[in-house]
Each structure stands twice: as structure tokens, then as C-alpha cells.
Amino acid sequence: MKLDFEHCVAELREASRPFFRGRVDLVSGVIVEAVGVPAAMGEVCRIDRGALGPIEAEVIGFRGSSTLLMPHGDLTGIAPRQAVVALRRSFQVRVSPGLVGRVLDGFGRPLDRTALLGGSMREVRGEAPDPLSRVPIREVLQTGVRAIDGLNTIGRGQRVGIFAGSGVGKSSLLGQVTRGTNADVIVACLVGERGREVQDFLTDVLGEEGRKRSVLVVATSDRSPIERYLAPFVAVTIAEAFRDEGQEVLLVMDSITRFAAAAREIGLAAG
């Protein structure tokens, strides 16, 4: 089997990092409290769940001398006194041209269980571009929807929100835009959708042609709050990676409301 050299180098660098070990002290709702872990806000830690294997968790706050962690997945198997290791890095995802046509979960992992090879690791929630380096919005973005192109023209680099009640065609309009746009790559993020709606989005909204140039990031309603919260950041990170390669990228997200609800769940859990 051919090994990816850059991936091996990244694994060796990760293994050579100094680490600090603490332990799980309390599990409350979706929060894990750990002691003895000198980790900072946003830092990723690894919890050893024994036979179930390790799981990553993100630092979301502090309570006295305890570190509050939000696991990247199910809390099943997490118990008091299990080892917690600070990884000394923030949350990262692998980006590569091979992402096009793939469906990822909210942590950037392929849902088809096929490994992503090549590319590089990129930090999620990186710094915004320098305001003085931003390109002015002067070129028109073709959406393929004549009512938008003719009456509400969108520019490259512009942000647009679609606000309407349930069942009136927001997703259908997004589908028309993704199929008709002249962008090179489409990055779509679905937050809080029901599981059955994901397949409908792939077949009915994107279609076969749209899917060939799309990357879909999905965090359905049954997933943890931290996954639903991180999914848009993962989608933005992937879009930025393609942008840095000189490609025209269209980023769409459905929906801001469910993303905000996930952020509220995390905030309430952390106090």
C-alpha cells in the first residue's frame, strides 16, 4: 500500500509533541469536566475511553480548577479517572482537491469511511483576512436564476441571506443557485437537518452534475451540539483552502438558525 509521505510526517510531528495528562472528574449532560489538564480555550484534548478507543474533545471553558470539555462525538464509554491528554493544538481538518464530490461530517471526516489522502491539515476558525487585502466586489456572480441575475444581482465575494418561513422553497432556491452558478467549486453546509433530508439534498437539490463539483458538510439534528456548531467553520475552512488555490468558490449554508441554536446549547451547558 502506498503511504502518503506528508501524512506520515504530520503524524510523526504530532507524536513528538510534549503532552500533559489529566483525568476525567465528572460527566454532566454533554460536558466532561477534567482536572490536571493545563489546556487553553479552543485547544483539543484526547480522552482515553478504554476498549472504545480515544475520542477528541475541545476546551469550551473552565469551572474553578476544572477544564470543561465538549467531546467530538458520543459520550458513551467516558468514565471518571480516564486519562485526558492536552494535544497542544486547535481543531484541524484535512483539505485537499480530493474533497470535491465527497460528503463529510461536521468534523471534516468522510461519511463514506474512505480515507482522505494527500492535502494538508488546516486550522479551523483561523484569522480573517486583512481588511486592506480584500478584493473589492466588482464582478458579477452568475447564479442561473434570472430573477436574481436581472433584479438582485450578486457580486463575487458578497454575502447574501435567504429568510423565509418553513416549506416555501429556500432549499429549492439554493439548489437552483448551486446548479446554475459559474463557480468552480461549491461548498455546502447542512446544519440540523433530518437524516433523510441529506440524501434528498444530494439527489434533488444538487443533482448529479452539481455533486461532481461540490463538497458537502453535514451535521444532522441527531448529532452533538459541538458538531453542529463546528460544521459551518469546517465548511468555511474548506472554502478558504480552495480560494487560496485561485478557484472561484460558492459557499452555501442551511441554516444559520440551527447553528445559533447549537451555540446556545453549548453556552448553556458551560454556564
# chains A, B, ... in the order shown; residues from 1 in each chain; ligands from 1

call {"tool": "residues_around", "arguments": {"residues": "A:Arg102", "least_positions_apart": "5", "cutoff": "9 Å", "atoms": "only C-alpha atoms", "output": "VMD selection string"}}
result
chain A and resid 110 to 112 211 to 212 214 to 217

call {"tool": "residues_around", "arguments": {"residues": "stretch 91-98 of chain A", "least_positions_apart": "3", "cutoff": "7 Å", "atoms": "only C-alpha atoms", "output": "compact mmCIF listing (two decimals) with N, CA and C atoms, in the first residue's frame"}}
result
# COMPACT_ATOMS: atom_id res chain seq x y z
N GLU A 43 -8.48 24.60 22.64
CA GLU A 43 -7.48 23.56 22.45
C GLU A 43 -8.16 22.18 22.41
N VAL A 44 -7.57 21.27 21.67
CA VAL A 44 -8.12 19.91 21.55
C VAL A 44 -7.41 18.98 22.52
N GLY A 108 -15.29 17.15 9.55
CA GLY A 108 -14.48 17.04 8.35
C GLY A 108 -14.06 15.63 8.00
N GLY A 118 -3.40 12.76 0.92
CA GLY A 118 -2.84 13.96 0.34
C GLY A 118 -3.35 15.21 1.03
N GLY A 119 -3.06 16.36 0.44
CA GLY A 119 -3.51 17.61 1.01
C GLY A 119 -2.70 17.98 2.25
N SER A 120 -3.30 18.79 3.09
CA SER A 120 -2.62 19.27 4.29
C SER A 120 -3.65 19.55 5.38
N MET A 121 -3.15 19.65 6.61
CA MET A 121 -4.01 19.97 7.74
C MET A 121 -4.13 21.49 7.84
N ARG A 122 -5.33 21.94 8.11
CA ARG A 122 -5.59 23.39 8.18
C ARG A 122 -6.42 23.68 9.43
N GLU A 123 -6.03 24.71 10.15
CA GLU A 123 -6.74 25.05 11.37
C GLU A 123 -8.12 25.61 11.06
N VAL A 124 -9.10 25.14 11.83
CA VAL A 124 -10.45 25.66 11.71
C VAL A 124 -10.55 26.94 12.55
N ILE A 238 -12.73 24.79 4.42
CA ILE A 238 -12.57 24.11 3.13
C ILE A 238 -12.70 25.11 1.98
N ALA A 241 -9.60 27.13 1.63
CA ALA A 241 -8.50 26.37 1.04
C ALA A 241 -8.59 26.38 -0.49

call {"tool": "residues_around", "arguments": {"residues": "A:Val24", "least_positions_apart": "4", "cutoff": "7 Å", "atoms": "only C-alpha atoms", "output": "PyMOL selection string"}}
result
chain A and resi 33-35+79-84

call {"tool": "closest_atom_pairs", "arguments": {"of": "stretch 98-137 of chain A", "to": "stretch 54-74 of chain A", "cutoff": "12 Å", "atoms": "only C-alpha atoms", "output": "JSON lines"}}
result
{"residue": "A:Asp105", "atom": "CA", "partner": "A:Gly73", "partner_atom": "CA", "distance": 10.8}
{"residue": "A:Gly106", "atom": "CA", "partner": "A:His72", "partner_atom": "CA", "distance": 9.3}
{"residue": "A:Phe107", "atom": "CA", "partner": "A:His72", "partner_atom": "CA", "distance": 7.6}
{"residue": "A:Gly108", "atom": "CA", "partner": "A:His72", "partner_atom": "CA", "distance": 11.2}
{"residue": "A:Arg109", "atom": "CA", "partner": "A:His72", "partner_atom": "CA", "distance": 11.3}

call {"tool": "closest_atom_pairs", "arguments": {"of": "stretch 209-264 of chain A", "to": "stretch 182-191 of chain A", "cutoff": "8 Å", "atoms": "only C-alpha atoms", "output": "tab-separated table"}}
result
residue	atom	partner	partner_atom	distance
A:Arg213	CA	A:Val185	CA	5.3
A:Ser214	CA	A:Ile186	CA	4.5
A:Val215	CA	A:Val187	CA	4.8
A:Leu216	CA	A:Ala188	CA	4.9
A:Val217	CA	A:Cys189	CA	4.7
A:Val218	CA	A:Leu190	CA	4.9
A:Ala219	CA	A:Val191	CA	5.1
A:Thr220	CA	A:Val191	CA	5.9
A:Ser221	CA	A:Val191	CA	7.3
A:Arg228	CA	A:Val191	CA	5.8
A:Ala231	CA	A:Cys189	CA	7.0
A:Pro232	CA	A:Cys189	CA	6.2
A:Ala235	CA	A:Cys189	CA	6.2
A:Ile238	CA	A:Val187	CA	7.5
A:Ala239	CA	A:Val187	CA	6.2
A:Phe242	CA	A:Val185	CA	7.7
A:Gln247	CA	A:Asp184	CA	6.0
A:Glu248	CA	A:Ala183	CA	5.1
A:Val249	CA	A:Val185	CA	4.9
A:Leu250	CA	A:Ile186	CA	4.8
A:Leu251	CA	A:Val187	CA	4.8
A:Val252	CA	A:Ala188	CA	4.9
A:Met253	CA	A:Cys189	CA	4.6
A:Asp254	CA	A:Leu190	CA	5.0
A:Ser255	CA	A:Val191	CA	5.9
A:Arg258	CA	A:Val191	CA	6.3
A:Phe259	CA	A:Val191	CA	6.4

call {"tool": "closest_residue", "arguments": {"among": "A:Gly157, A:Val135, A:Val205, A:Asn152", "to": "A:Lys170", "atoms": "only C-alpha atoms"}}
result
A:Val205

call {"tool": "atom_distance", "arguments": {"atom1": "atom CA of A:Ala164", "atom2": "atom CA of A:Gly192"}}
result
16.9 Å

call {"tool": "select_by_dssp", "arguments": {"residues": "stretch 36-263 of chain A", "states": "helix (DSSP H, G or I)", "output": "VMD selection string"}}
result
chain A and resid 50 to 52 97 to 99 131 to 133 146 to 151 170 to 180 195 to 211 225 to 244 256 to 263

call {"tool": "atom_distance", "arguments": {"atom1": "atom CA of A:Thr178", "atom2": "atom CA of A:Arg138"}}
result
20.7 Å

call {"tool": "atom_distance", "arguments": {"atom1": "atom CA of A:Ala51", "atom2": "atom CA of A:Leu75"}}
result
13.7 Å

call {"tool": "select_by_dssp", "arguments": {"residues": "stretch 61-248 of chain A", "states": "strand (DSSP E)", "output": "number ranges by chain"}}
result
A: 61-63, 66-71, 83-90, 92-95, 103-105, 120-123, 140-141, 154-155, 185-191, 214-219

call {"tool": "residues_around", "arguments": {"residues": "A:Tyr229", "least_positions_apart": "6", "cutoff": "8 Å", "atoms": "only C-alpha atoms", "output": "PDB file with all heavy atoms, in the first residue's frame"}}
result
ATOM      1  N   PHE A 259     -27.514  26.664  13.538  1.00  0.00           N
ATOM      2  CA  PHE A 259     -26.150  26.887  14.012  1.00  0.00           C
ATOM      3  C   PHE A 259     -26.175  27.703  15.308  1.00  0.00           C
ATOM      4  O   PHE A 259     -25.486  27.380  16.284  1.00  0.00           O
ATOM      5  CB  PHE A 259     -25.341  27.616  12.934  1.00  0.00           C
ATOM      6  CG  PHE A 259     -24.073  28.253  13.429  1.00  0.00           C
ATOM      7  CD1 PHE A 259     -23.000  27.478  13.824  1.00  0.00           C
ATOM      8  CD2 PHE A 259     -23.957  29.637  13.505  1.00  0.00           C
ATOM      9  CE1 PHE A 259     -21.816  28.061  14.284  1.00  0.00           C
ATOM     10  CE2 PHE A 259     -22.793  30.228  13.962  1.00  0.00           C
ATOM     11  CZ  PHE A 259     -21.722  29.437  14.351  1.00  0.00           C
ATOM     12  N   ALA A 260     -26.995  28.757  15.343  1.00  0.00           N
ATOM     13  CA  ALA A 260     -27.100  29.587  16.539  1.00  0.00           C
ATOM     14  C   ALA A 260     -27.686  28.791  17.706  1.00  0.00           C
ATOM     15  O   ALA A 260     -27.281  28.975  18.858  1.00  0.00           O
ATOM     16  CB  ALA A 260     -27.966  30.812  16.248  1.00  0.00           C
ATOM     17  N   ALA A 262     -27.267  25.597  18.244  1.00  0.00           N
ATOM     18  CA  ALA A 262     -26.188  24.733  18.753  1.00  0.00           C
ATOM     19  C   ALA A 262     -25.233  25.552  19.634  1.00  0.00           C
ATOM     20  O   ALA A 262     -24.796  25.069  20.685  1.00  0.00           O
ATOM     21  CB  ALA A 262     -25.437  24.106  17.593  1.00  0.00           C
ATOM     22  N   ALA A 263     -24.920  26.768  19.224  1.00  0.00           N
ATOM     23  CA  ALA A 263     -24.044  27.623  20.028  1.00  0.00           C
ATOM     24  C   ALA A 263     -24.695  27.919  21.373  1.00  0.00           C
ATOM     25  O   ALA A 263     -24.022  27.971  22.410  1.00  0.00           O
ATOM     26  CB  ALA A 263     -23.742  28.913  19.275  1.00  0.00           C
TER      27      ALA A 263
END

call {"tool": "residues_around", "arguments": {"residues": "A:Ala86", "least_positions_apart": "4", "cutoff": "8 Å", "atoms": "only C-alpha atoms", "output": "PyMOL selection string"}}
result
chain A and resi 19-21+37-39+43-46
